[in-house]
Amino acid sequence: MLRRWFLIAVPYVWLLALFLVPFLIVFKISLSDAAIARPPYLPVFSWGDSIIDFIRELDFENFIFLTEDDLYWKAYLSSLQIALIATILTLLVGYPVAYAMARAPEHWRPTLMMLVILPFWTSFLIRVYSWMGILSTEGFLNQFLLWVGVISSPLQILNTDTAVYIGIVYTYLPFMILPIYATLDRLDGSLIEAAEDLGCSRASAFWLVTLPLSRPGIIAGCFLVFIPTIGEFVIPSLLGGSDTLMIGKVLWEEFFSNRDWPVASAVAVVLLLILIIPIVLFQRNQQKQAEADR
Amino acid sequence: MNAPVFAPWTDQSAEPMIRFRNVTKKFGDFTAISNLNLDIYEKEFFALLGPSGCGKTTMMRMLAGFEEPTSGDIIVSGDNIGHLPPNQRPVNMMFQSYALFPHLSVWENIAFGLRRDKLPKDQISARVDEMLKLTRLEKFARRKPHQISGGQRQRVALARSLAKAPKLLLLDEPLGALDKKLREATQFELMDIQEKTGTTFVIVTHDQEEAMTVASRIAVMDEGKLVQVDTPDRLYENPNSRYVADFVGDVNIIEAKASPLDGDRYALHWSEAEDALIGTTSTALSDGQSCYMAIRPEKIAISADRPEDAANAVQGKVEDIGYLGNMSTYHVRLNSGSLIKAQVANQRRISRRAFAWEDPVWLSWTATAGVVLAD
Ligand SMILES: Nc1ncnc2c1ncn2[C@@H]1O[C@H](COP(=O)(O)OP(=O)(O)OP(=O)(O)O)[C@@H](O)[C@H]1O
Ligand SMILES: [Mg+2]
């Protein structure tokens, strides 16, 4: 009895300690006022004071501020837009790769899988930095293009949205490939044969059978790319330009440049609320797929 | 019962619908089908029978267009289709695994092939409804494949392959997953459908009873070769080899040396301790040639005393009795040591059985009951 209780309690304690408590702290800070102090906000909770007085000092001022300055909603919108476009680009690159992997000879597949996962073995930061080396005006890409003669003067790719997209597609590609590959790998080859037998060409069999049946993988992959991309900070700040507007960057600047922790916390809370929608949709997709597999 | 006998294979002038001409199929250096010749006629219900791995599925897949013959030609209605892609063949296949589209409803599965032909909407829906009725699936039209039973799924697969009214329908072990009762019912359903639609059916099975039930002709295969192609009754009564006799039905095989008597009768010396057996065969055997007598258990009579007029009679002891309900199989050990199976219909209740274990009995059969096969 005790054992069962313990087993049930462990994940809840885990959630409580690592998600709910930090969230409540951030939420509390978002309701506070900025101050030149340490920590840089007021009120600070101490056990001696009355709770009522403490709560009375909290307000939604910072959230109201977010609606007044148009920087914030523009940053949210632009993040959503960048995440959406990047997700579509990742899908366009990832699907053919997953498809080719699923159709490759059996003995090749572990190697191909390995190649997809391999980048995870080096630091994410180093990989993004190396893209700076590739994309900069004196970088490998420009040198190569100049050498081939496609262009006569170097292209400005680094510090533009294009570089951000390249960075996101590169970084998140495995998250797109793996779920799509999983559905394609499970796809019964005789379904394609049946479609061809009933009069489909290769292309229409793909369109009418393969694509619809890999939809759960596509949806899972898109969410796995879309959700973390919205709050992405490293890629836009290293590869993006000054006009690349993403909420992750804004958040960072509020925290560390402006030292306005309450506003930064409010930005974080709103971001979390926005993320809940795709996360719930993603969970529902996974659940539906699990049910269909049974 | 006076309808003309359907037997186009006996008609020299009849044009076969499918011809395999010296077809060989290799996978790497493994030969799955070797130099095979076969004619299948329109409206036939043709069965491919053989042990696992003998190349049945490979033949079907070549007909459907999923495999190309390594050499030789496959001719359907006069056209060489050896290199035609599957979607351009007048052939539909019902897959062993059914291969129903899981994302489409039963109705859409059946309509799938019709939609590819760009038929008008009302025509498609009329045809689908017709197929649903034929396979008694009207109630399940809106369901997805995972929401119906195995037997219903199998009927959907059948309806889908029939919907386009193909000239040729290929069925790869269509009833493998069904229980015995449902399988038998479906066999008759298939024959019914075949008669109604006049489609040519080629069915793969390794259940010889199923092949005997449904087929107009059966091809017995072994290791990529056809051993015998014949009607079920001729296959059973006149197998051309020990392999076929053994594969189709239950049989006693007796090894012997032949010595000619008068006409097509031969004396078969099979044991020092026993009299020679008498058998007939149309193939000429030389004196002393080794051969087999194949005799079906149900063609052997069992009695307490030696029958007066039997051409062949041997004595032994009942060693085992297999009770099958409608009949019993007696395993009789002869004085010479060999074991012979005899089958007797159970016309009386089991308690009144005439013979019991260890009873001495006589087994007898006529000269024409068995087949004599050269080595
Ligand atoms: N794609 C392939 N590559 C290599 N060998 C193959 C391939 N397909 C079939 N074979 C081989 O060809 C032979 C015939 O296979 P086939 O599938 O036609 O057998 P089958 O008669 O249908 O057997 P079963 O009754 O078990 O279905 C087998 O030995 C099989 O291993
Ligand atoms: Mg097979």
# chains A, B, ... in the order shown; residues from 1 in each chain; ligands from 1
$ residues_around --residues "region 12-16 of chain B" --least-positions-apart "2" --cutoff "9 Å" --atoms "only C-alpha atoms" --output "list of chain:residue names"
B:Pro8, B:Trp9, B:Thr10, B:Ile18, B:Arg19, B:Asp39, B:Ile40, B:Tyr41, B:Glu42, B:Val76, B:Ser77, B:Gly78
$ residues_around --residues "region 190-205 of chain B" --least-positions-apart "5" --cutoff "6 Å" --atoms "only C-alpha atoms" --output "list in words"
Glu42, Lys43, Glu44, Phe45, Phe46, Ala47, Leu48, Leu49, Lys167, Leu168, Leu169, Leu170, Leu171, Asp172 and Glu173 of chain B
$ residues_near_ligand --ligand "ligand 2" --cutoff "12 Å" --atoms "only C-alpha atoms and all ligand atoms" --output "VMD selection string"
chain B and resid 32 48 to 61 95 to 97 171 to 174 176 203 to 206
$ write_last_selection --atoms "N, CA and C atoms" --output "short mmCIF file (atom, residue, chain, number, x, y, z; two decimals), in the first residue's frame"
data_model
loop_
_atom_site.label_atom_id
_atom_site.label_comp_id
_atom_site.auth_asym_id
_atom_site.auth_seq_id
_atom_site.Cartn_x
_atom_site.Cartn_y
_atom_site.Cartn_z
N ALA B 32 13.36 -18.88 -58.08
CA ALA B 32 12.07 -19.08 -57.42
C ALA B 32 11.09 -19.79 -58.34
N LEU B 48 -3.47 -22.61 -57.19
CA LEU B 48 -2.05 -22.95 -57.09
C LEU B 48 -1.84 -23.56 -55.72
N LEU B 49 -1.36 -24.80 -55.73
CA LEU B 49 -1.22 -25.54 -54.49
C LEU B 49 0.23 -25.96 -54.34
N GLY B 50 0.75 -25.84 -53.15
CA GLY B 50 2.13 -26.28 -52.96
C GLY B 50 2.63 -25.94 -51.58
N PRO B 51 3.74 -26.54 -51.19
CA PRO B 51 4.27 -26.27 -49.85
C PRO B 51 4.82 -24.85 -49.76
N SER B 52 5.09 -24.40 -48.56
CA SER B 52 5.59 -23.05 -48.34
C SER B 52 6.90 -22.84 -49.09
N GLY B 53 7.00 -21.70 -49.75
CA GLY B 53 8.24 -21.35 -50.43
C GLY B 53 8.40 -21.95 -51.81
N CYS B 54 7.33 -22.53 -52.37
CA CYS B 54 7.48 -23.19 -53.67
C CYS B 54 7.31 -22.20 -54.81
N GLY B 55 6.90 -20.96 -54.51
CA GLY B 55 6.82 -19.95 -55.55
C GLY B 55 5.42 -19.52 -55.94
N LYS B 56 4.43 -19.83 -55.13
CA LYS B 56 3.05 -19.48 -55.46
C LYS B 56 2.85 -17.97 -55.47
N THR B 57 3.28 -17.33 -54.38
CA THR B 57 3.12 -15.87 -54.30
C THR B 57 3.91 -15.19 -55.41
N THR B 58 5.08 -15.71 -55.72
CA THR B 58 5.90 -15.13 -56.77
C THR B 58 5.14 -15.16 -58.11
N MET B 59 4.44 -16.25 -58.40
CA MET B 59 3.68 -16.31 -59.65
C MET B 59 2.58 -15.26 -59.67
N MET B 60 1.88 -15.12 -58.54
CA MET B 60 0.82 -14.11 -58.44
C MET B 60 1.37 -12.72 -58.65
N ARG B 61 2.50 -12.46 -58.01
CA ARG B 61 3.07 -11.13 -58.08
C ARG B 61 3.55 -10.80 -59.49
N PHE B 95 -4.95 -9.25 -51.39
CA PHE B 95 -3.71 -9.56 -50.70
C PHE B 95 -3.93 -10.51 -49.54
N GLN B 96 -2.91 -11.30 -49.29
CA GLN B 96 -2.94 -12.24 -48.17
C GLN B 96 -3.19 -11.51 -46.85
N SER B 97 -2.60 -10.30 -46.76
CA SER B 97 -2.76 -9.51 -45.53
C SER B 97 -3.95 -8.55 -45.64
N LEU B 171 -6.17 -14.18 -55.86
CA LEU B 171 -6.44 -14.29 -54.44
C LEU B 171 -5.28 -15.02 -53.78
N ASP B 172 -4.51 -14.30 -52.96
CA ASP B 172 -3.35 -14.93 -52.32
C ASP B 172 -3.73 -15.37 -50.92
N GLU B 173 -3.94 -16.63 -50.74
CA GLU B 173 -4.36 -17.21 -49.47
C GLU B 173 -5.43 -16.35 -48.82
N PRO B 174 -6.54 -16.19 -49.51
CA PRO B 174 -7.53 -15.23 -49.03
C PRO B 174 -8.21 -15.66 -47.74
N GLY B 176 -6.82 -17.66 -45.30
CA GLY B 176 -5.87 -18.19 -44.33
C GLY B 176 -6.21 -17.84 -42.89
N ILE B 203 -6.36 -18.64 -57.39
CA ILE B 203 -6.28 -18.62 -55.93
C ILE B 203 -5.02 -19.38 -55.50
N VAL B 204 -4.35 -18.81 -54.50
CA VAL B 204 -3.19 -19.49 -53.92
C VAL B 204 -3.62 -20.07 -52.58
N THR B 205 -3.20 -21.28 -52.32
CA THR B 205 -3.53 -21.85 -51.03
C THR B 205 -2.53 -22.94 -50.72
N HIS B 206 -2.29 -23.21 -49.42
CA HIS B 206 -1.62 -24.48 -49.19
C HIS B 206 -2.52 -25.45 -48.45
#
$ residues_around --residues "Pro102 (chain B)" --least-positions-apart "5" --cutoff "9 Å" --atoms "only C-alpha atoms" --output "PyMOL selection string"
(chain A and resi 213) or (chain B and resi 109+144-146)
$ write_last_selection --atoms "N, CA, C and O atoms" --output "compact mmCIF listing (two decimals), in the first residue's frame"
# COMPACT_ATOMS: atom_id res chain seq x y z
N LEU A 213 -1.08 8.44 -44.37
CA LEU A 213 -0.73 7.52 -43.28
C LEU A 213 0.47 7.99 -42.49
O LEU A 213 0.70 7.52 -41.38
N ASN B 109 -12.72 2.37 -49.17
CA ASN B 109 -11.80 1.33 -49.61
C ASN B 109 -12.30 0.68 -50.89
O ASN B 109 -11.54 0.46 -51.83
N LYS B 144 -14.31 2.10 -40.18
CA LYS B 144 -12.92 1.97 -40.60
C LYS B 144 -12.51 0.50 -40.47
O LYS B 144 -13.10 -0.23 -39.66
N PRO B 145 -11.49 0.08 -41.21
CA PRO B 145 -11.09 -1.34 -41.15
C PRO B 145 -10.82 -1.86 -39.74
O PRO B 145 -11.08 -3.01 -39.46
N HIS B 146 -10.28 -0.99 -38.84
CA HIS B 146 -9.97 -1.52 -37.50
C HIS B 146 -11.21 -1.66 -36.64
O HIS B 146 -11.13 -2.13 -35.51
$ residues_around --residues "region 182-188 of chain A" --least-positions-apart "3" --cutoff "9 Å" --atoms "only C-alpha atoms" --output "PyMOL selection string"
(chain A and resi 98-99+101-103+177-179+191-192+210+213-218) or (chain B and resi 99)
$ write_last_selection --atoms "all heavy atoms" --output "compact mmCIF listing (two decimals), in the first residue's frame"
# COMPACT_ATOMS: atom_id res chain seq x y z
N ALA A 98 13.39 11.61 -44.33
CA ALA A 98 12.77 10.48 -43.62
C ALA A 98 12.30 9.43 -44.62
O ALA A 98 12.45 8.22 -44.41
CB ALA A 98 11.60 10.98 -42.78
N TYR A 99 11.72 9.88 -45.72
CA TYR A 99 11.21 8.97 -46.74
C TYR A 99 12.34 8.14 -47.34
O TYR A 99 12.23 6.93 -47.48
CB TYR A 99 10.51 9.79 -47.83
CG TYR A 99 9.77 8.96 -48.85
CD1 TYR A 99 8.54 8.41 -48.55
CD2 TYR A 99 10.31 8.74 -50.11
CE1 TYR A 99 7.86 7.64 -49.48
CE2 TYR A 99 9.64 7.98 -51.05
CZ TYR A 99 8.41 7.43 -50.73
OH TYR A 99 7.74 6.68 -51.65
N MET A 101 15.16 7.51 -45.95
CA MET A 101 15.67 6.59 -44.93
C MET A 101 14.79 5.35 -44.84
O MET A 101 15.29 4.23 -44.75
CB MET A 101 15.68 7.28 -43.56
CG MET A 101 16.90 8.11 -43.30
SD MET A 101 16.69 9.05 -41.78
CE MET A 101 16.73 7.75 -40.57
N ALA A 102 13.46 5.56 -44.87
CA ALA A 102 12.54 4.43 -44.72
C ALA A 102 12.61 3.49 -45.93
O ALA A 102 12.27 2.32 -45.84
CB ALA A 102 11.12 4.93 -44.51
N ARG A 103 13.01 4.03 -47.07
CA ARG A 103 13.06 3.19 -48.27
C ARG A 103 14.45 2.61 -48.53
O ARG A 103 14.64 1.82 -49.44
CB ARG A 103 12.63 4.00 -49.50
CG ARG A 103 11.24 4.55 -49.39
CD ARG A 103 10.56 4.52 -50.72
NE ARG A 103 9.48 3.57 -50.70
CZ ARG A 103 8.85 3.15 -51.79
NH1 ARG A 103 9.22 3.58 -52.97
NH2 ARG A 103 7.86 2.29 -51.71
N ILE A 177 12.63 14.62 -38.51
CA ILE A 177 12.89 13.36 -39.24
C ILE A 177 12.44 12.15 -38.44
O ILE A 177 11.77 11.26 -38.98
CB ILE A 177 14.40 13.25 -39.58
CG1 ILE A 177 14.78 14.30 -40.62
CG2 ILE A 177 14.73 11.85 -40.11
CD1 ILE A 177 16.25 14.31 -40.96
N LEU A 178 12.78 12.11 -37.16
CA LEU A 178 12.57 10.87 -36.41
C LEU A 178 11.11 10.44 -36.31
O LEU A 178 10.80 9.29 -36.63
CB LEU A 178 13.24 10.96 -35.03
CG LEU A 178 14.78 11.03 -35.13
CD1 LEU A 178 15.40 11.15 -33.75
CD2 LEU A 178 15.36 9.84 -35.88
N PRO A 179 10.18 11.33 -35.92
CA PRO A 179 8.78 10.84 -35.88
C PRO A 179 8.22 10.49 -37.26
O PRO A 179 7.46 9.53 -37.38
CB PRO A 179 8.00 12.01 -35.25
CG PRO A 179 8.91 13.16 -35.25
CD PRO A 179 10.31 12.68 -35.37
N LEU A 191 0.30 -1.92 -48.77
CA LEU A 191 -0.72 -0.90 -49.01
C LEU A 191 -0.41 -0.12 -50.29
O LEU A 191 -1.31 0.21 -51.06
CB LEU A 191 -0.79 0.07 -47.83
CG LEU A 191 -1.32 -0.51 -46.52
CD1 LEU A 191 -1.32 0.55 -45.44
CD2 LEU A 191 -2.71 -1.07 -46.71
N ILE A 192 0.86 0.16 -50.51
CA ILE A 192 1.27 0.88 -51.71
C ILE A 192 1.02 -0.02 -52.92
O ILE A 192 0.50 0.44 -53.96
CB ILE A 192 2.77 1.24 -51.65
CG1 ILE A 192 3.11 1.91 -50.32
CG2 ILE A 192 3.17 2.12 -52.82
CD1 ILE A 192 2.40 3.19 -50.06
N THR A 210 0.58 6.98 -48.81
CA THR A 210 1.74 7.22 -47.95
C THR A 210 1.59 8.49 -47.13
O THR A 210 1.77 8.49 -45.92
CB THR A 210 3.02 7.32 -48.81
OG1 THR A 210 3.05 6.21 -49.69
CG2 THR A 210 4.25 7.30 -47.94
N LEU A 213 -1.08 8.44 -44.37
CA LEU A 213 -0.73 7.52 -43.28
C LEU A 213 0.47 7.99 -42.49
O LEU A 213 0.70 7.52 -41.38
CB LEU A 213 -0.49 6.11 -43.84
CG LEU A 213 -1.77 5.39 -44.27
CD1 LEU A 213 -1.45 4.06 -44.88
CD2 LEU A 213 -2.72 5.24 -43.10
N SER A 214 1.25 8.94 -43.04
CA SER A 214 2.37 9.45 -42.25
C SER A 214 1.97 10.74 -41.53
O SER A 214 2.79 11.39 -40.91
CB SER A 214 3.60 9.68 -43.13
OG SER A 214 3.29 10.46 -44.24
N ARG A 215 0.71 11.12 -41.60
CA ARG A 215 0.25 12.36 -40.98
C ARG A 215 0.55 12.46 -39.48
O ARG A 215 1.01 13.50 -39.02
CB ARG A 215 -1.25 12.55 -41.23
CG ARG A 215 -1.62 14.02 -41.31
CD ARG A 215 -3.08 14.19 -41.52
NE ARG A 215 -3.82 13.60 -40.39
CZ ARG A 215 -5.12 13.69 -40.23
NH1 ARG A 215 -5.84 14.30 -41.11
NH2 ARG A 215 -5.71 13.13 -39.19
N PRO A 216 0.31 11.39 -38.70
CA PRO A 216 0.64 11.50 -37.28
C PRO A 216 2.10 11.87 -37.06
O PRO A 216 2.42 12.68 -36.18
CB PRO A 216 0.34 10.12 -36.71
CG PRO A 216 -0.59 9.49 -37.68
CD PRO A 216 -0.27 10.08 -39.02
N GLY A 217 2.99 11.30 -37.87
CA GLY A 217 4.41 11.61 -37.75
C GLY A 217 4.69 13.06 -38.15
O GLY A 217 5.48 13.75 -37.51
N ILE A 218 4.02 13.52 -39.20
CA ILE A 218 4.20 14.91 -39.63
C ILE A 218 3.75 15.86 -38.54
O ILE A 218 4.45 16.82 -38.18
CB ILE A 218 3.38 15.18 -40.93
CG1 ILE A 218 3.94 14.34 -42.07
CG2 ILE A 218 3.39 16.66 -41.27
CD1 ILE A 218 3.13 14.44 -43.34
N ALA B 99 -4.43 -5.85 -46.88
CA ALA B 99 -3.92 -4.53 -47.28
C ALA B 99 -5.03 -3.50 -47.44
O ALA B 99 -5.07 -2.75 -48.41
CB ALA B 99 -3.09 -4.64 -48.58
$ interface_residues --of "chain A" --to "chain B" --cutoff "7 Å" --atoms "only C-alpha atoms" --output "PyMOL selection string"
chain A and resi 190-191+194+196-201+213
$ write_last_selection --atoms "N, CA, C and O atoms" --output "mmCIF file, in the first residue's frame"
data_model
loop_
_atom_site.group_PDB
_atom_site.id
_atom_site.type_symbol
_atom_site.label_atom_id
_atom_site.label_comp_id
_atom_site.auth_asym_id
_atom_site.auth_seq_id
_atom_site.Cartn_x
_atom_site.Cartn_y
_atom_site.Cartn_z
ATOM 1 N N SER A 190 2.575 -3.403 -48.525
ATOM 2 C CA SER A 190 1.539 -3.959 -49.399
ATOM 3 C C SER A 190 0.406 -2.958 -49.629
ATOM 4 O O SER A 190 -0.354 -3.093 -50.583
ATOM 5 N N LEU A 191 0.305 -1.919 -48.769
ATOM 6 C CA LEU A 191 -0.723 -0.899 -49.007
ATOM 7 C C LEU A 191 -0.410 -0.122 -50.289
ATOM 8 O O LEU A 191 -1.305 0.208 -51.063
ATOM 9 N N ALA A 194 -1.185 -2.359 -53.103
ATOM 10 C CA ALA A 194 -2.632 -2.428 -53.298
ATOM 11 C C ALA A 194 -3.121 -1.198 -54.062
ATOM 12 O O ALA A 194 -3.942 -1.296 -54.976
ATOM 13 N N GLU A 196 -1.417 0.676 -56.131
ATOM 14 C CA GLU A 196 -0.990 0.581 -57.532
ATOM 15 C C GLU A 196 -1.824 -0.454 -58.273
ATOM 16 O O GLU A 196 -2.189 -0.272 -59.435
ATOM 17 N N ASP A 197 -2.138 -1.533 -57.576
ATOM 18 C CA ASP A 197 -2.954 -2.584 -58.173
ATOM 19 C C ASP A 197 -4.331 -2.044 -58.557
ATOM 20 O O ASP A 197 -4.923 -2.450 -59.547
ATOM 21 N N LEU A 198 -4.832 -1.092 -57.771
ATOM 22 C CA LEU A 198 -6.162 -0.546 -58.028
ATOM 23 C C LEU A 198 -6.120 0.640 -58.979
ATOM 24 O O LEU A 198 -7.111 1.343 -59.140
ATOM 25 N N GLY A 199 -4.965 0.912 -59.582
ATOM 26 C CA GLY A 199 -4.913 1.903 -60.641
ATOM 27 C C GLY A 199 -4.149 3.168 -60.348
ATOM 28 O O GLY A 199 -4.202 4.113 -61.131
ATOM 29 N N CYS A 200 -3.442 3.230 -59.209
ATOM 30 C CA CYS A 200 -2.674 4.433 -58.895
ATOM 31 C C CYS A 200 -1.326 4.395 -59.592
ATOM 32 O O CYS A 200 -0.700 3.343 -59.681
ATOM 33 N N SER A 201 -0.851 5.564 -60.006
ATOM 34 C CA SER A 201 0.542 5.656 -60.412
ATOM 35 C C SER A 201 1.373 5.757 -59.144
ATOM 36 O O SER A 201 0.834 5.908 -58.055
ATOM 37 N N LEU A 213 -1.079 8.439 -44.365
ATOM 38 C CA LEU A 213 -0.734 7.519 -43.283
ATOM 39 C C LEU A 213 0.467 7.985 -42.487
ATOM 40 O O LEU A 213 0.698 7.522 -41.378
#
$ select_by_dssp --residues "region 45-261 of chain B" --states "strand (DSSP E or B)" --output "number ranges by chain"
B: 45-49, 71-76, 79-80, 91-94, 168-172, 200-205, 217-222, 225-230, 252-260
$ closest_residue --among "B:Val214, B:Ala141, B:Glu223, B:Ala273" --to "ligand 1" --atoms "only C-alpha atoms and all ligand atoms"
B:Glu223
$ closest_residue --among "B:Leu134, B:Leu226, B:Leu84, B:Val332" --to "ligand 1" --atoms "only C-alpha atoms and all ligand atoms"
B:Leu226
$ closest_residue --among "B:Pro69, B:Gly224, B:Gly82, B:Gly370" --to "Asn252 (chain B)" --atoms "only C-alpha atoms"
B:Gly370
$ closest_residue --among "B:Ile278, B:Ala7, B:Ile33, B:Ala284" --to "ligand 1" --atoms "only C-alpha atoms and all ligand atoms"
B:Ile33
$ select_by_dssp --residues "region 76-171 of chain B" --states "helix (DSSP H, G or I)" --output "PyMOL selection string"
chain B and resi 86-88+106-116+121-134+138-140+145-147+150-163
$ residues_around --residues "Val314 (chain B)" --least-positions-apart "5" --cutoff "8 Å" --atoms "only C-alpha atoms" --output "ChimeraX atom specification"
/B:274,334,362-364
$ write_last_selection --atoms "C-alpha atoms" --output "mmCIF file, in the first residue's frame"
data_model
loop_
_atom_site.group_PDB
_atom_site.id
_atom_site.type_symbol
_atom_site.label_atom_id
_atom_site.label_comp_id
_atom_site.auth_asym_id
_atom_site.auth_seq_id
_atom_site.Cartn_x
_atom_site.Cartn_y
_atom_site.Cartn_z
ATOM 1 C CA GLU B 274 3.377 -61.483 -48.791
ATOM 2 C CA LEU B 334 0.904 -56.157 -41.432
ATOM 3 C CA TRP B 362 -7.969 -58.476 -43.466
ATOM 4 C CA LEU B 363 -7.477 -55.457 -45.703
ATOM 5 C CA SER B 364 -8.541 -55.740 -49.309
#
$ residues_around --residues "Ala264 (chain A)" --least-positions-apart "3" --cutoff "7 Å" --atoms "only C-alpha atoms" --output "list in words"
Leu251, Glu254, Phe255, Asp260, Trp261, Val267 and Ala268 of chain A
$ decode --residues "region 315-336 of chain B" --atoms "C-alpha atoms" --output "mmCIF file, in the first residue's frame"
data_model
loop_
_atom_site.group_PDB
_atom_site.id
_atom_site.type_symbol
_atom_site.label_atom_id
_atom_site.label_comp_id
_atom_site.auth_asym_id
_atom_site.auth_seq_id
_atom_site.Cartn_x
_atom_site.Cartn_y
_atom_site.Cartn_z
ATOM 1 C CA GLN B 315 -3.561 -59.618 -43.137
ATOM 2 C CA GLY B 316 -2.553 -57.615 -40.090
ATOM 3 C CA LYS B 317 -3.447 -56.396 -36.619
ATOM 4 C CA VAL B 318 -5.220 -53.190 -35.694
ATOM 5 C CA GLU B 319 -2.636 -51.044 -34.028
ATOM 6 C CA ASP B 320 -4.443 -47.760 -33.673
ATOM 7 C CA ILE B 321 -7.863 -46.320 -34.358
ATOM 8 C CA GLY B 322 -8.307 -42.662 -35.164
ATOM 9 C CA TYR B 323 -11.880 -41.555 -34.546
ATOM 10 C CA LEU B 324 -12.860 -38.601 -36.741
ATOM 11 C CA GLY B 325 -16.566 -38.569 -35.985
ATOM 12 C CA ASN B 326 -17.940 -39.320 -39.401
ATOM 13 C CA MET B 327 -15.278 -41.912 -40.080
ATOM 14 C CA SER B 328 -12.528 -43.885 -38.405
ATOM 15 C CA THR B 329 -8.998 -44.486 -39.588
ATOM 16 C CA TYR B 330 -7.566 -47.907 -38.749
ATOM 17 C CA HIS B 331 -3.812 -48.226 -38.644
ATOM 18 C CA VAL B 332 -3.110 -51.859 -39.409
ATOM 19 C CA ARG B 333 0.318 -53.416 -38.872
ATOM 20 C CA LEU B 334 0.904 -56.157 -41.432
ATOM 21 C CA ASN B 335 2.714 -59.390 -40.683
ATOM 22 C CA SER B 336 5.590 -58.101 -42.785
#
